[in-house]
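Okay, my_file_38.pdb now, which holds PDB, C-alpha atoms:
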ATOM      1  CA  MET A   1      22.606  -0.700   4.607
ATOM      2  CA  LEU A   2      24.919   2.293   4.339
ATOM      3  CA  THR A   3      27.843   2.327   1.923
ATOM      4  CA  SER A   4      30.206   5.286   1.705
ATOM      5  CA  PHE A   5      33.232   6.365  -0.292
ATOM      6  CA  LEU A   6      35.489   9.341   0.339
ATOM      7  CA  TYR A   7      37.993  10.610  -2.210
ATOM      8  CA  GLN A   8      40.498  13.294  -1.316
ATOM      9  CA  LYS A   9      43.130  14.385  -3.780
ATOM     10  CA  GLY A  10      46.499  12.792  -3.064
ATOM     11  CA  LYS A  11      45.025  10.238  -0.659
ATOM     12  CA  PRO A  12      43.805   6.659  -1.194
ATOM     13  CA  LEU A  13      40.092   6.014  -1.495
ATOM     14  CA  GLU A  14      38.390   5.536   1.861
ATOM     15  CA  THR A  15      35.360   3.300   2.438
ATOM     16  CA  ASN A  16      33.002   2.914   5.397
ATOM     17  CA  VAL A  17      33.461   6.582   6.201
ATOM     18  CA  SER A  18      32.626   7.605   9.759
ATOM     19  CA  ARG A  19      30.170  10.342  10.609
ATOM     20  CA  ALA A  20      33.038  12.548  11.792
ATOM     21  CA  GLN A  21      34.815  12.109   8.454
ATOM     22  CA  MET A  22      31.594  13.005   6.640
ATOM     23  CA  PHE A  23      31.269  16.225   8.639
ATOM     24  CA  ALA A  24      34.915  17.054   7.905
ATOM     25  CA  ALA A  25      34.558  16.321   4.198
ATOM     26  CA  LEU A  26      31.610  18.691   3.901
ATOM     27  CA  GLN A  27      33.807  21.462   5.283
ATOM     28  CA  GLN A  28      36.483  20.843   2.634
ATOM     29  CA  PRO A  29      34.672  21.117  -0.695
ATOM     30  CA  LYS A  30      37.836  21.463  -2.792
ATOM     31  CA  ASP A  31      39.380  18.267  -4.230
ATOM     32  CA  THR A  32      37.024  16.154  -2.112
ATOM     33  CA  LEU A  33      34.167  13.862  -3.116
ATOM     34  CA  LEU A  34      31.899  12.012  -0.693
ATOM     35  CA  TRP A  35      29.360   9.432  -1.827
ATOM     36  CA  VAL A  36      26.916   7.957   0.665
ATOM     37  CA  ASP A  37      24.508   5.268  -0.530
ATOM     38  CA  LEU A  38      21.600   4.239   1.681
ATOM     39  CA  GLU A  39      19.813   1.028   0.692
ATOM     40  CA  ASN A  40      16.728   0.234   2.759
ATOM     41  CA  PRO A  41      18.183   2.224   5.655
ATOM     42  CA  ASP A  42      17.090   1.877   9.246
ATOM     43  CA  GLU A  43      15.848   4.841  11.276
ATOM     44  CA  PHE A  44      19.333   5.740  12.520
ATOM     45  CA  GLU A  45      20.761   5.797   9.002
ATOM     46  CA  SER A  46      17.810   7.820   7.690
ATOM     47  CA  ASP A  47      18.312  10.412  10.396
ATOM     48  CA  SER A  48      21.813  11.004   9.063
ATOM     49  CA  LEU A  49      20.229  12.673   6.035
ATOM     50  CA  VAL A  50      19.142  15.496   8.297
ATOM     51  CA  GLU A  51      21.857  15.474  10.949
ATOM     52  CA  ILE A  52      24.890  15.352   8.668
ATOM     53  CA  PHE A  53      23.717  16.918   5.403
ATOM     54  CA  ASN A  54      20.927  19.138   6.748
ATOM     55  CA  PHE A  55      18.536  18.191   3.957
ATOM     56  CA  HIS A  56      15.136  19.866   3.815
ATOM     57  CA  PRO A  57      12.354  17.893   5.568
ATOM     58  CA  LEU A  58      10.254  17.908   2.371
ATOM     59  CA  ALA A  59      13.064  16.221   0.441
ATOM     60  CA  VAL A  60      13.531  13.659   3.209
ATOM     61  CA  GLU A  61       9.773  13.046   3.220
ATOM     62  CA  ASP A  62       9.869  12.370  -0.527
ATOM     63  CA  CYS A  63      12.594   9.786   0.084
ATOM     64  CA  VAL A  64      10.760   8.015   2.873
ATOM     65  CA  SER A  65       7.327   8.056   1.216
ATOM     66  CA  ASP A  66       8.708   6.528  -2.005
ATOM     67  CA  LEU A  67       5.714   7.835  -3.967
ATOM     68  CA  SER A  68       7.167  10.776  -5.875
ATOM     69  CA  SER A  69       7.213  11.129  -9.645
ATOM     70  CA  PRO A  70      10.545  11.835 -11.384
ATOM     71  CA  LYS A  71      11.524  15.456 -10.793
ATOM     72  CA  VAL A  72      14.396  17.800  -9.958
ATOM     73  CA  ASP A  73      14.218  20.364  -7.130
ATOM     74  CA  ASP A  74      16.797  23.051  -6.491
ATOM     75  CA  TYR A  75      17.268  23.671  -2.760
ATOM     76  CA  GLU A  76      20.055  26.233  -3.381
ATOM     77  CA  GLU A  77      22.629  24.217  -1.414
ATOM     78  CA  TYR A  78      22.014  21.017  -3.380
ATOM     79  CA  LEU A  79      19.875  19.476  -6.126
ATOM     80  CA  PHE A  80      17.337  16.808  -5.238
ATOM     81  CA  LEU A  81      16.561  14.308  -8.022
ATOM     82  CA  VAL A  82      13.840  11.691  -8.015
ATOM     83  CA  THR A  83      14.328   8.987 -10.637
ATOM     84  CA  ASN A  84      12.886   5.549 -11.344
ATOM     85  CA  ALA A  85      15.014   2.524 -12.115
ATOM     86  CA  ILE A  86      13.726  -0.687 -13.641
ATOM     87  CA  ASP A  87      13.430  -3.741 -11.412
ATOM     88  CA  LEU A  88      15.121  -6.406 -13.557
ATOM     89  CA  SER A  89      14.364  -9.318 -11.240
ATOM     90  CA  SER A  90      11.194 -10.258 -13.162
ATOM     91  CA  PRO A  91      10.945  -8.875 -16.740
ATOM     92  CA  ASP A  92       7.386 -10.189 -17.228
ATOM     93  CA  LYS A  93       6.177  -8.288 -14.158
ATOM     94  CA  PHE A  94       7.019  -4.656 -14.785
ATOM     95  CA  ALA A  95       8.137  -2.845 -11.645
ATOM     96  CA  THR A  96      10.231   0.204 -10.818
ATOM     97  CA  VAL A  97      12.423   1.242  -7.929
ATOM     98  CA  GLU A  98      12.634   4.861  -6.830
ATOM     99  CA  LEU A  99      16.168   6.208  -6.660
ATOM    100  CA  ASP A 100      16.571   9.546  -4.885
ATOM    101  CA  ILE A 101      19.766  11.509  -5.463
ATOM    102  CA  PHE A 102      21.109  14.511  -3.563
ATOM    103  CA  LEU A 103      23.777  16.383  -5.519
ATOM    104  CA  GLY A 104      25.919  18.878  -3.621
ATOM    105  CA  LYS A 105      29.107  20.638  -4.604
ATOM    106  CA  ASN A 106      31.346  17.879  -3.308
ATOM    107  CA  TYR A 107      29.003  15.080  -2.280
ATOM    108  CA  VAL A 108      26.350  12.731  -3.609
ATOM    109  CA  VAL A 109      23.802  10.910  -1.469
ATOM    110  CA  THR A 110      21.657   8.155  -2.976
ATOM    111  CA  PHE A 111      18.614   6.714  -1.240
ATOM    112  CA  HIS A 112      16.602   3.644  -2.299
ATOM    113  CA  LYS A 113      14.576   1.023  -0.460
ATOM    114  CA  THR A 114      15.563  -1.980  -2.598
ATOM    115  CA  ARG A 115      18.601  -2.868  -4.668
ATOM    116  CA  VAL A 116      19.164  -0.752  -7.775
ATOM    117  CA  LYS A 117      21.350  -2.256 -10.471
ATOM    118  CA  SER A 118      22.758   1.059 -11.674
ATOM    119  CA  VAL A 119      23.960   1.906  -8.162
ATOM    120  CA  GLU A 120      25.514  -1.540  -7.812
ATOM    121  CA  GLN A 121      27.292  -1.186 -11.159
ATOM    122  CA  VAL A 122      28.891   2.140 -10.221
ATOM    123  CA  ARG A 123      29.666   0.962  -6.684
ATOM    124  CA  ASP A 124      31.234  -2.300  -7.878
ATOM    125  CA  GLY A 125      33.313  -0.431 -10.452
ATOM    126  CA  ILE A 126      34.698   1.871  -7.756
ATOM    127  CA  GLN A 127      35.407  -1.014  -5.377
ATOM    128  CA  LYS A 128      37.253  -2.997  -8.047
ATOM    129  CA  ARG A 129      39.445  -0.063  -9.025
ATOM    130  CA  SER A 130      39.688   1.348  -5.488
ATOM    131  CA  ASP A 131      39.492   4.730  -7.157
ATOM    132  CA  LEU A 132      36.932   7.371  -8.117
ATOM    133  CA  ARG A 133      39.020   8.692 -10.996
ATOM    134  CA  SER A 134      37.152   6.409 -13.407
ATOM    135  CA  ILE A 135      34.216   8.813 -13.091
ATOM    136  CA  GLY A 136      36.267  11.983 -12.824
ATOM    137  CA  HIS A 137      36.095  12.242  -8.995
ATOM    138  CA  GLU A 138      33.566  15.088  -9.292
ATOM    139  CA  ALA A 139      30.059  15.046  -7.864
ATOM    140  CA  ASP A 140      28.216  15.870 -11.085
ATOM    141  CA  LEU A 141      30.137  13.184 -13.005
ATOM    142  CA  LEU A 142      29.222  10.619 -10.339
ATOM    143  CA  VAL A 143      25.549  11.517 -10.798
ATOM    144  CA  HIS A 144      26.024  11.244 -14.572
ATOM    145  CA  ALA A 145      27.455   7.735 -14.141
ATOM    146  CA  LEU A 146      24.463   6.710 -12.016
ATOM    147  CA  LEU A 147      21.936   8.126 -14.489
ATOM    148  CA  ASP A 148      23.787   6.704 -17.482
ATOM    149  CA  HIS A 149      23.678   3.169 -16.065
ATOM    150  CA  LEU A 150      20.062   3.667 -14.950
ATOM    151  CA  VAL A 151      18.992   4.592 -18.496
ATOM    152  CA  ASP A 152      21.059   1.827 -20.106
ATOM    153  CA  ASN A 153      19.290  -0.710 -17.908
ATOM    154  CA  TYR A 154      16.016   0.129 -19.678
ATOM    155  CA  LEU A 155      17.336  -1.563 -22.830
ATOM    156  CA  PRO A 156      17.002  -5.219 -21.654
ATOM    157  CA  ILE A 157      13.341  -4.559 -20.846
ATOM    158  CA  LEU A 158      12.778  -3.056 -24.303
ATOM    159  CA  ASP A 159      14.450  -6.049 -25.937
ATOM    160  CA  HIS A 160      12.277  -8.363 -23.840
ATOM    161  CA  TYR A 161       9.063  -6.668 -24.960
ATOM    162  CA  ASP A 162      10.256  -6.590 -28.567
ATOM    163  CA  GLU A 163      10.632 -10.379 -28.515
ATOM    164  CA  LYS A 164       7.279 -10.858 -26.771
ATOM    165  CA  ILE A 165       5.434  -8.694 -29.304
ATOM    166  CA  ASP A 166       7.032 -10.566 -32.226
ATOM    167  CA  THR A 167       6.172 -13.937 -30.666
ATOM    168  CA  LEU A 168       2.627 -12.833 -29.885
ATOM    169  CA  GLU A 169       2.104 -11.572 -33.425
ATOM    170  CA  GLU A 170       3.387 -14.842 -34.881
ATOM    171  CA  GLU A 171       1.163 -16.962 -32.647
ATOM    172  CA  ILE A 172      -1.955 -14.909 -33.367
ATOM    173  CA  PHE A 173      -1.578 -15.106 -37.128
ATOM    174  CA  ASN A 174      -0.619 -18.779 -37.047
ATOM    175  CA  ASN A 175      -4.188 -19.486 -35.947
ATOM    176  CA  SER A 176      -3.095 -20.598 -32.490
ATOM    177  CA  ALA A 177      -5.924 -21.818 -30.284
ATOM    178  CA  LYS A 178      -4.457 -20.058 -27.248
ATOM    179  CA  ASP A 179      -6.248 -16.966 -25.974
ATOM    180  CA  HIS A 180      -3.682 -14.153 -26.213
ATOM    181  CA  LEU A 181      -5.877 -11.280 -25.022
ATOM    182  CA  ALA A 182      -4.694 -11.333 -21.385
ATOM    183  CA  GLU A 183      -1.029 -11.499 -22.419
ATOM    184  CA  ALA A 184      -1.412  -8.674 -24.951
ATOM    185  CA  MET A 185      -3.214  -6.444 -22.439
ATOM    186  CA  GLN A 186      -0.496  -7.080 -19.835
ATOM    187  CA  ILE A 187       2.216  -6.073 -22.309
ATOM    188  CA  LYS A 188       0.264  -2.945 -23.196
ATOM    189  CA  ARG A 189      -0.078  -1.972 -19.517
ATOM    190  CA  ASN A 190       3.633  -2.552 -18.929
ATOM    191  CA  ILE A 191       4.644  -0.435 -21.915
ATOM    192  CA  TYR A 192       2.257   2.303 -20.802
ATOM    193  CA  SER A 193       3.885   2.259 -17.347
ATOM    194  CA  LEU A 194       7.306   2.458 -18.977
ATOM    195  CA  ARG A 195       6.279   5.510 -21.017
ATOM    196  CA  ARG A 196       4.753   7.088 -17.915
ATOM    197  CA  ILE A 197       8.064   7.046 -16.024
ATOM    198  CA  VAL A 198      10.340   7.738 -18.992
ATOM    199  CA  ALA A 199       8.547  10.932 -20.037
ATOM    200  CA  PRO A 200       9.152  12.932 -16.799
ATOM    201  CA  GLN A 201      12.706  11.564 -16.537
ATOM    202  CA  ARG A 202      13.325  12.798 -20.054
ATOM    203  CA  ASP A 203      12.241  16.253 -18.902
ATOM    204  CA  LEU A 204      14.490  15.894 -15.852
ATOM    205  CA  LEU A 205      17.532  15.110 -18.018
ATOM    206  CA  TYR A 206      16.629  17.947 -20.367
ATOM    207  CA  SER A 207      16.656  20.356 -17.434
ATOM    208  CA  LEU A 208      20.018  19.089 -16.194
ATOM    209  CA  SER A 209      21.580  19.256 -19.660
ATOM    210  CA  ARG A 210      20.254  22.691 -20.660
ATOM    211  CA  ASN A 211      19.922  24.761 -17.501
ATOM    212  CA  PRO A 212      23.300  25.648 -15.926
ATOM    213  CA  THR A 213      23.586  25.353 -12.147
ATOM    214  CA  VAL A 214      26.435  25.615  -9.678
ATOM    215  CA  PHE A 215      26.194  21.855  -9.136
ATOM    216  CA  ILE A 216      26.686  20.785 -12.770
ATOM    217  CA  LYS A 217      29.662  22.313 -14.501
ATOM    218  CA  THR A 218      29.105  23.725 -17.959
ATOM    219  CA  ARG A 219      31.777  21.470 -19.467
ATOM    220  CA  HIS A 220      29.980  18.422 -18.046
ATOM    221  CA  MET A 221      26.514  19.258 -19.371
ATOM    222  CA  LEU A 222      27.403  17.499 -22.613
ATOM    223  CA  TYR A 223      27.471  14.191 -20.729
ATOM    224  CA  PHE A 224      23.959  14.767 -19.436
ATOM    225  CA  ARG A 225      22.825  15.634 -22.965
ATOM    226  CA  ASP A 226      24.099  12.245 -24.074
ATOM    227  CA  VAL A 227      21.981  10.528 -21.400
ATOM    228  CA  TYR A 228      19.034  12.686 -22.460
ATOM    229  CA  ASP A 229      19.492  11.543 -26.067
ATOM    230  CA  HIS A 230      19.473   7.912 -24.946
ATOM    231  CA  LEU A 231      16.326   8.458 -22.903
ATOM    232  CA  PHE A 232      14.660  10.314 -25.773
ATOM    233  CA  ARG A 233      15.388   7.345 -28.047
ATOM    234  CA  ILE A 234      14.062   4.904 -25.444
ATOM    235  CA  TYR A 235      10.832   6.899 -25.198
ATOM    236  CA  GLY A 236      10.491   6.759 -28.978
ATOM    237  CA  ILE A 237      11.003   2.980 -28.962
ATOM    238  CA  ALA A 238       8.432   2.570 -26.175
ATOM    239  CA  GLU A 239       6.023   4.748 -28.154
ATOM    240  CA  GLY A 240       6.529   2.497 -31.176
ATOM    241  CA  TYR A 241       5.911  -0.617 -29.082
ATOM    242  CA  HIS A 242       2.729   0.930 -27.687
ATOM    243  CA  GLU A 243       1.436   1.587 -31.197
ATOM    244  CA  ALA A 244       2.480  -1.903 -32.301
ATOM    245  CA  ILE A 245       0.662  -3.650 -29.460
ATOM    246  CA  SER A 246      -2.407  -1.443 -30.011
ATOM    247  CA  GLY A 247      -2.426  -2.432 -33.681
ATOM    248  CA  LEU A 248      -1.896  -6.054 -32.706
ATOM    249  CA  LEU A 249      -4.886  -5.917 -30.365
ATOM    250  CA  GLN A 250      -7.036  -4.476 -33.133
ATOM    251  CA  ALA A 251      -5.887  -7.254 -35.446
ATOM    252  CA  PHE A 252      -6.602  -9.791 -32.701
ATOM    253  CA  PHE A 253     -10.151  -8.514 -32.216
ATOM    254  CA  SER A 254     -10.707  -8.490 -35.996
ATOM    255  CA  TYR A 255      -9.368 -12.035 -36.218
ATOM    256  CA  GLN A 256     -11.614 -13.196 -33.383
ATOM    257  CA  SER A 257     -14.585 -11.457 -34.995
ATOM    258  CA  THR A 258     -13.826 -13.147 -38.335
ATOM    259  CA  ARG A 259     -13.609 -16.553 -36.668
ATOM    260  CA  LEU A 260     -16.904 -15.918 -34.880
ATOM    261  CA  ASN A 261     -18.564 -14.881 -38.146
ATOM    262  CA  GLU A 262     -17.292 -18.058 -39.811
ATOM    263  CA  LYS A 263     -18.785 -20.195 -37.043
ATOM    264  CA  ILE A 264     -22.090 -18.332 -37.211
ATOM    265  CA  ASN A 265     -22.081 -18.754 -40.996
ATOM    266  CA  ARG A 266     -21.637 -22.533 -40.663
ATOM    267  CA  MET A 267     -24.366 -22.751 -38.060
ATOM    268  CA  THR A 268     -26.694 -20.665 -40.261
ATOM    269  CA  ILE A 269     -26.061 -22.972 -43.224
ATOM    270  CA  LEU A 270     -26.779 -26.054 -41.105
ATOM    271  CA  ALA A 271     -29.950 -24.465 -39.725
ATOM    272  CA  THR A 272     -31.097 -23.470 -43.222
ATOM    273  CA  LEU A 273     -30.439 -26.924 -44.679
ATOM    274  CA  SER A 274     -32.365 -28.557 -41.850
ATOM    275  CA  MET A 275     -35.388 -26.271 -42.243
ATOM    276  CA  PRO A 276     -37.078 -28.336 -45.055
ATOM    277  CA  ALA A 277     -36.767 -31.498 -42.965
ATOM    278  CA  VAL A 278     -38.209 -29.688 -39.942
ATOM    279  CA  VAL A 279     -41.145 -28.340 -42.006
ATOM    280  CA  ILE A 280     -41.957 -31.733 -43.578
ATOM    281  CA  ALA A 281     -41.622 -33.540 -40.258
ATOM    282  CA  SER A 282     -43.812 -30.981 -38.507
ATOM    283  CA  ILE A 283     -46.524 -31.359 -41.165
ATOM    284  CA  TYR A 284     -46.694 -35.103 -40.794
ATOM    285  CA  GLY A 285     -46.402 -34.838 -37.061
ATOM    286  CA  MET A 286     -49.756 -33.109 -36.745
ATOM    287  CA  ASN A 287     -52.421 -35.102 -34.874
ATOM    288  CA  PHE A 288     -55.190 -34.983 -37.487
ATOM    289  CA  HIS A 289     -57.063 -38.240 -38.155
ATOM    290  CA  HIS A 290     -57.743 -37.591 -41.826
ATOM    291  CA  MET A 291     -54.390 -37.060 -43.548
ATOM    292  CA  PRO A 292     -54.143 -38.800 -46.954
ATOM    293  CA  GLU A 293     -50.521 -39.956 -46.632
ATOM    294  CA  LEU A 294     -50.723 -41.376 -43.104
ATOM    295  CA  ASP A 295     -51.891 -44.810 -44.298
ATOM    296  CA  TRP A 296     -49.624 -44.901 -47.346
ATOM    297  CA  LYS A 297     -47.254 -47.890 -47.338
ATOM    298  CA  TYR A 298     -44.234 -45.893 -48.600
ATOM    299  CA  GLY A 299     -45.037 -42.583 -46.929
ATOM    300  CA  TYR A 300     -42.199 -42.814 -44.354
ATOM    301  CA  PHE A 301     -39.517 -43.452 -46.973
ATOM    302  CA  VAL A 302     -40.893 -40.864 -49.400
ATOM    303  CA  SER A 303     -40.951 -38.195 -46.698
ATOM    304  CA  LEU A 304     -37.316 -38.946 -45.762
ATOM    305  CA  GLY A 305     -36.311 -38.862 -49.418
ATOM    306  CA  LEU A 306     -38.167 -35.588 -49.889
ATOM    307  CA  MET A 307     -36.329 -34.077 -46.907
ATOM    308  CA  ALA A 308     -32.960 -35.115 -48.330
ATOM    309  CA  PHE A 309     -33.836 -34.011 -51.855
ATOM    310  CA  VAL A 310     -34.938 -30.516 -50.798
ATOM    311  CA  SER A 311     -31.866 -30.058 -48.556
ATOM    312  CA  VAL A 312     -29.532 -31.104 -51.391
ATOM    313  CA  CYS A 313     -31.295 -28.748 -53.786
ATOM    314  CA  MET A 314     -30.852 -25.882 -51.306
ATOM    315  CA  LEU A 315     -27.179 -26.771 -50.871
ATOM    316  CA  ILE A 316     -26.618 -26.709 -54.637
ATOM    317  CA  TRP A 317     -28.465 -23.405 -54.889
ATOM    318  CA  MET A 318     -26.251 -21.883 -52.169
ATOM    319  CA  LYS A 319     -23.166 -23.100 -54.014
ATOM    320  CA  LEU A 320     -24.347 -21.534 -57.256
ATOM    321  CA  LYS A 321     -24.995 -18.251 -55.434
ATOM    322  CA  LYS A 322     -21.496 -18.550 -53.924
ATOM    323  CA  TRP A 323     -22.851 -18.098 -50.432
ATOM    324  CA  ILE A 324     -20.666 -20.976 -49.253
TER
END
As C-alpha cells:
Amino acid sequence: MLTSFLYQKGKPLETNVSRAQMFAALQQPKDTLLWVDLENPDEFESDSLVEIFNFHPLAVEDCVSDLSSPKVDDYEEYLFLVTNAIDLSSPDKFATVELDIFLGKNYVVTFHKTRVKSVEQVRDGIQKRSDLRSIGHEADLLVHALLDHLVDNYLPILDHYDEKIDTLEEEIFNNSAKDHLAEAMQIKRNIYSLRRIVAPQRDLLYSLSRNPTVFIKTRHMLYFRDVYDHLFRIYGIAEGYHEAISGLLQAFFSYQSTRLNEKINRMTILATLSMPAVVIASIYGMNFHHMPELDWKYGYFVSLGLMAFVSVCMLIWMKLKKWI
C-alpha cells in the first residue's frame, strides 16, 4: 500500500500524489514537502524507490531484506535511517517491526512491511487536519514526529512488563504452587531484546541530535535531543527491569532450593526414625533356628513396643538438639 502527501506553500494538501507530481516536487525543494509511505509494497511500488528517488541499491536492499540493525547512513543526497518499532498487537510476545526512513531536503520516504503505529498516528493526524503545518511542514520535523511517536510507543510495553514483574514477584513469595520459571525466563528474554534494539537507536538519535547535517536544521536539533532523552530514559528503565528480573530469578532459585531442602529434611527425619524399627525387624527376621525370643509368647508385642519406644526416644532427642 502506498500513501502519499504533498504540501506546497499556499496550496491545499494533496493526497494520492501521482508519480509525475512526485518528480515535479523533487525539482522544487523550496516550500515543498513530499511524504511517501510504503506499507508492504508490491514490486511496482518498491521499484519507485529507485526510479523516482534514485536511492542507492544498498539502501534499497536493506529495506527489502528487513534484517538491518538500527543505524543512520549519510548518502550525501539524503539520510537513510533504520529504526525498530514495537509490535503492540501482542504485548506478551515481544516483536519489532523495522521502519526505514529516507530523509531528503524536501521529502521523506518511509518503508515498512507491516503496520507501524507511529506512522499511522502521524498519518491520521495529517489526514484529520488536512494540513502538514501541525509538524512544521519541513522534512526533518516530519521525521522527528515519526521518531517521537515511535519512542513513545515503547512506554506501554514497559508498563506491561512492570506489572508482570510485580505480579510474578508477589506470586513467588506468596508460596504459589505454580511453576514461574518459564514465565520469568520469557520476560527476561523480552527485556533483553528490548535493550538490544533500544541501545543502537539511542546512538542513532544521539548522532542526529549532535552532528549537524544539511538535512536536519540546527534549530531543529533540539527536538531530536528531546527524543534522545526519552530513549535514554527508556533504556535506563529497561536496564532496571533486567536487573529486577535477574534478581527475581535468583530469589526464585533460592526459594526452590529452600523448599527442596525442607522436603529432604523431612524425608531424612522419617528415614532416621524408621531405622530402629528396620534394625529390630531385620534381626528377628533372620532364619536361624535357635533364637531365644522366637518362642516367647509376648515377643511380637515387645518387639513392636521396642520399635516405637526407640523411635520416640530419637524424636525427643532430635527436638532437644533443635534439629527439627
*Please provide as a ChimeraX atom specification all residues within 8 Å of region 246-256 of chain A, with the sequence filter that same-chain residues fewer than 6 positions apart are discarded (counting all atoms listed in the file).*
/A:169,172,181,184,188
_Explicit residue set for the PyMOL selection byres ((chain A and resi 118) around 8), as a PyMOL selection string_ = chain A and resi 85+116-117+119-122+146-147+149-150+153
*Expanded to explicit residues, what is the PyMOL selection byres ((chain A and resi 228) around 12) for this file, as number ranges by chain?*
A: 144, 147-148, 150-152, 198-210, 221-227, 229-235
*Given the file shown, enumerate the residues that the PyMOL selection byres ((chain A and resi 140) around 8) captures and present them as a PyMOL selection string.*
chain A and resi 103+138-139+141-144+215-217+220
Dump as a Markdown table the rows for residues of region 216-262 of chain A within 12 Å of region 160-163 of chain A: closest atom pair and distance in Å with one decimal, all atoms listed in the file counted, ordered by chain and rising residue number.
| residue | atom | partner | partner_atom | distance |
| --- | --- | --- | --- | --- |
| A:Ile237 | CA | A:Asp162 | CA | 9.6 |
| A:Ala238 | CA | A:Tyr161 | CA | 9.3 |
| A:Gly240 | CA | A:Asp162 | CA | 10.2 |
| A:Tyr241 | CA | A:Asp162 | CA | 7.4 |
| A:His242 | CA | A:Tyr161 | CA | 10.3 |
| A:Ala244 | CA | A:Asp162 | CA | 9.8 |
| A:Ile245 | CA | A:Tyr161 | CA | 10.0 |
*Rounded to one decimal place, report the CA of Lys93 (chain A)-CA of Glu39 (chain A) distance in Å.*
22.2 Å
